[in-house]
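Novice: Got a structure here, written out as structure tokens. Questions coming.
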Amino acid sequence: MIPPSFAYHAPRSVADAIHLLGELGGDAKLLAGGHSLLPMMKLRFAQPAHLIDLNRIDALRGIREEGDTVVIGAMTVENDLIASPVLQRRLPLLPEAARHIADPQVRNRGTIGGDIAHGDPGNDHPALSIALDAVFVLEGAGGTRQLPADGFFLGTYMTAMAEDEILVEIRVPAFAPRTGYAYEKLKRKTGDWATAAAAVVLRMDGGTVSHARIALTNVAPTALRAADAEAALLGKPLSEASIADAAAKAMAICDPAEDLRGDRDYKTAMTGQMVRRAIARAAARCS
Ligand SMILES: Cc1cc2nc3c(=O)[nH]c(=O)nc-3n(C[C@H](O)[C@H](O)[C@H](O)COP(=O)(O)OP(=O)(O)OC[C@H]3O[C@@H](n4cnc5c(N)ncnc54)[C@H](O)[C@@H]3O)c2cc1C
């Protein structure tokens, strides 16, 4: 299938891209890896008159440390997340989870920023970002602002980003020592989006849970933070009962769409299983 025709722009700086966005308004779309946008254009779900390609803006790529914060450029591709020694050392959840995103070809072009900005509840980075307490840096004509991942995803394909803004960086606090983590993703086959998935980040202190983040993928119109499930673990030793309670509380907030991956009951039940498995695997990594 061939997408509708469009004018192509290739700015070399974020400032130029913002200028173009302002000039072209709602007729323009940013192009990152193109692995969500181009399929939508081919299906005529999106018909932008202008594409502003971010691929020639070097400043938007790369991973660096700023003290205890890891800063990831929005145009960093999945394969670079997987290969990053900084992430393997300081935020190993991200390279591990990125291996479960799509397939090697898609991961070679698909960017973390595009995955987040697209606002697709099936994408994995939204829940990962919530579990990691990530902050998104947005730049627009009005300046720069930072928004936490928790609260950024407003609905299917809807985020808190304004039309004239660009996601430039993802800032993530590096894991403290002995942080446990896991991303459990049930999928029908390699390369598929999640039937249900759970991201868990855990820390234990003196035998009790001192930090818990649980976030869910593809079981509601947006990625979800399972705050009640986190509360079911906090301040207690981990036990069969507390893990079961957390899984039940995560299932209680699921609102999945029925599709070829399963009906609502199945997806909700699988969410409970993913949460149980992710907590158990994260806990085993806390020591
Ligand atoms: C076969 C297949 C399987 C897939 N499986 C998965 C999967 O399992 N998990 C998963 O998470 N994803 C999956 N994807 C989606 C893939 O990860 C996409 O790459 C990702 O959703 C979008 O990133 P992109 O860089 O390709 O963005 P694009 O497609 O270029 O852009 C997506 C949207 O985000 C906007 N945008 C892009 N970058 C920015 C920015 N910096 N600032 C503001 N707006 C921006 C664009 O304007 C567009 O609206 C799959 C894709 C395919 C084709």
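Residue numbering restarts at 1 for every chain of the structure tokens, chains are lettered A, B, ... in their displayed order, and ligands are numbered from 1 as they appear.
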Which residues are near ligand 1 - at most 7 Å, using only C-alpha atoms and all ligand atoms? Format: as a ChimeraX atom specification.
Specialist: /A:29-38,74-75,100-103,106-107,109-115,117-118,122-125,165-168,191-194
Novice: Report as a list in words all protein, DNA and RNA residues lying within 10 Å of A:Thr217, evaluated on only C-alpha atoms, omitting residues in the same chain fewer than 5 positions from it.
Specialist: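 The residues that qualify are Asp120, Pro121, Gly122, Asn123, Asp124, His125, Pro126, Ala127, Leu128, Glu184, Lys185, Trp193, Ala194, Thr195, Ala196, Ala197, Ala198, Ala199, Thr222, Ala223, Leu224, Arg225, Cys254, Pro256 and Thr271 of chain A.
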Novice: For the residues in the current selection, export N, CA and C atoms as a compact mmCIF listing (two decimals), in the first residue's frame.
Specialist:
# COMPACT_ATOMS: atom_id res chain seq x y z
N ASP A 120 0.02 4.72 21.96
CA ASP A 120 -0.66 3.45 21.71
C ASP A 120 -0.61 2.61 22.98
N PRO A 121 -1.78 2.19 23.52
CA PRO A 121 -1.75 1.41 24.77
C PRO A 121 -1.05 0.07 24.60
N GLY A 122 -0.89 -0.39 23.34
CA GLY A 122 -0.17 -1.64 23.07
C GLY A 122 1.34 -1.47 23.11
N ASN A 123 1.82 -0.25 23.04
CA ASN A 123 3.27 -0.04 23.06
C ASN A 123 3.82 -0.29 24.47
N ASP A 124 5.07 -0.72 24.52
CA ASP A 124 5.64 -1.15 25.80
C ASP A 124 6.28 -0.02 26.60
N HIS A 125 6.83 1.00 25.91
CA HIS A 125 7.54 2.04 26.67
C HIS A 125 6.66 2.87 27.61
N PRO A 126 5.38 3.09 27.30
CA PRO A 126 4.59 3.84 28.27
C PRO A 126 4.57 3.20 29.66
N ALA A 127 4.25 1.91 29.76
CA ALA A 127 4.22 1.27 31.09
C ALA A 127 5.62 1.20 31.69
N LEU A 128 6.62 0.93 30.84
CA LEU A 128 8.01 0.89 31.36
C LEU A 128 8.38 2.25 31.95
N GLU A 184 7.19 -8.67 32.34
CA GLU A 184 6.61 -9.93 31.88
C GLU A 184 5.58 -9.60 30.81
N LYS A 185 5.80 -10.12 29.62
CA LYS A 185 4.94 -9.78 28.48
C LYS A 185 4.43 -11.07 27.84
N TRP A 193 2.45 -7.30 19.67
CA TRP A 193 2.17 -6.47 20.83
C TRP A 193 1.69 -7.37 21.96
N ALA A 194 1.66 -6.84 23.17
CA ALA A 194 1.30 -7.65 24.34
C ALA A 194 -0.18 -8.03 24.33
N THR A 195 -0.47 -9.26 24.72
CA THR A 195 -1.85 -9.61 25.12
C THR A 195 -2.09 -8.96 26.47
N ALA A 196 -1.08 -9.05 27.34
CA ALA A 196 -1.05 -8.33 28.62
C ALA A 196 0.41 -8.33 29.06
N ALA A 197 0.83 -7.24 29.71
CA ALA A 197 2.21 -7.20 30.21
C ALA A 197 2.27 -6.38 31.48
N ALA A 198 3.26 -6.69 32.32
CA ALA A 198 3.42 -5.97 33.58
C ALA A 198 4.89 -5.63 33.79
N ALA A 199 5.15 -4.36 34.14
CA ALA A 199 6.49 -3.91 34.51
C ALA A 199 6.51 -3.72 36.03
N THR A 222 -5.12 3.20 27.99
CA THR A 222 -3.75 3.71 28.14
C THR A 222 -2.96 2.72 28.98
N ALA A 223 -1.64 2.91 29.00
CA ALA A 223 -0.83 2.20 29.99
C ALA A 223 -1.34 2.62 31.37
N LEU A 224 -1.30 1.69 32.33
CA LEU A 224 -1.86 1.97 33.65
C LEU A 224 -0.80 1.85 34.74
N ARG A 225 -0.82 2.76 35.69
CA ARG A 225 -0.07 2.54 36.92
C ARG A 225 -1.01 1.84 37.91
N CYS A 254 -8.15 -3.28 35.22
CA CYS A 254 -8.05 -3.58 33.78
C CYS A 254 -9.36 -3.24 33.07
N PRO A 256 -9.66 -3.96 29.30
CA PRO A 256 -9.08 -4.25 27.98
C PRO A 256 -10.13 -4.29 26.88
N THR A 271 -3.29 -10.58 32.95
CA THR A 271 -2.64 -9.46 33.66
C THR A 271 -2.25 -9.91 35.06
Novice: Would you pick out the contacts of A:Gly151 at 9 Å or less, using only C-alpha atoms, so that residues sharing its chain but fewer than 5 positions from it are not included, and give the list as a list in words?
Specialist: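 The residues that qualify are Ile130, Thr159 and Ala160 of chain A.
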Novice: Could you save the residues just selected, with C-alpha atoms, as a compact mmCIF listing (two decimals), in the first residue's frame?
Specialist:
# COMPACT_ATOMS: atom_id res chain seq x y z
CA ILE A 130 5.69 4.77 34.43
CA THR A 159 -0.99 12.24 25.42
CA ALA A 160 -0.44 15.45 27.38
Novice: What gap, in Å, lies between atom CA of A:Leu81 and atom CA of A:Pro95?
Specialist: 5.3 Å
Novice: Can you pull out every residue within 10 Å of A:Ala17, counting only C-alpha atoms, but drop anything in the same chain fewer than 3 positions away, and send it as a VMD selection string?
Specialist: chain A and resid 9 to 14 20 to 23 30 52 to 54 57 140 164 to 166
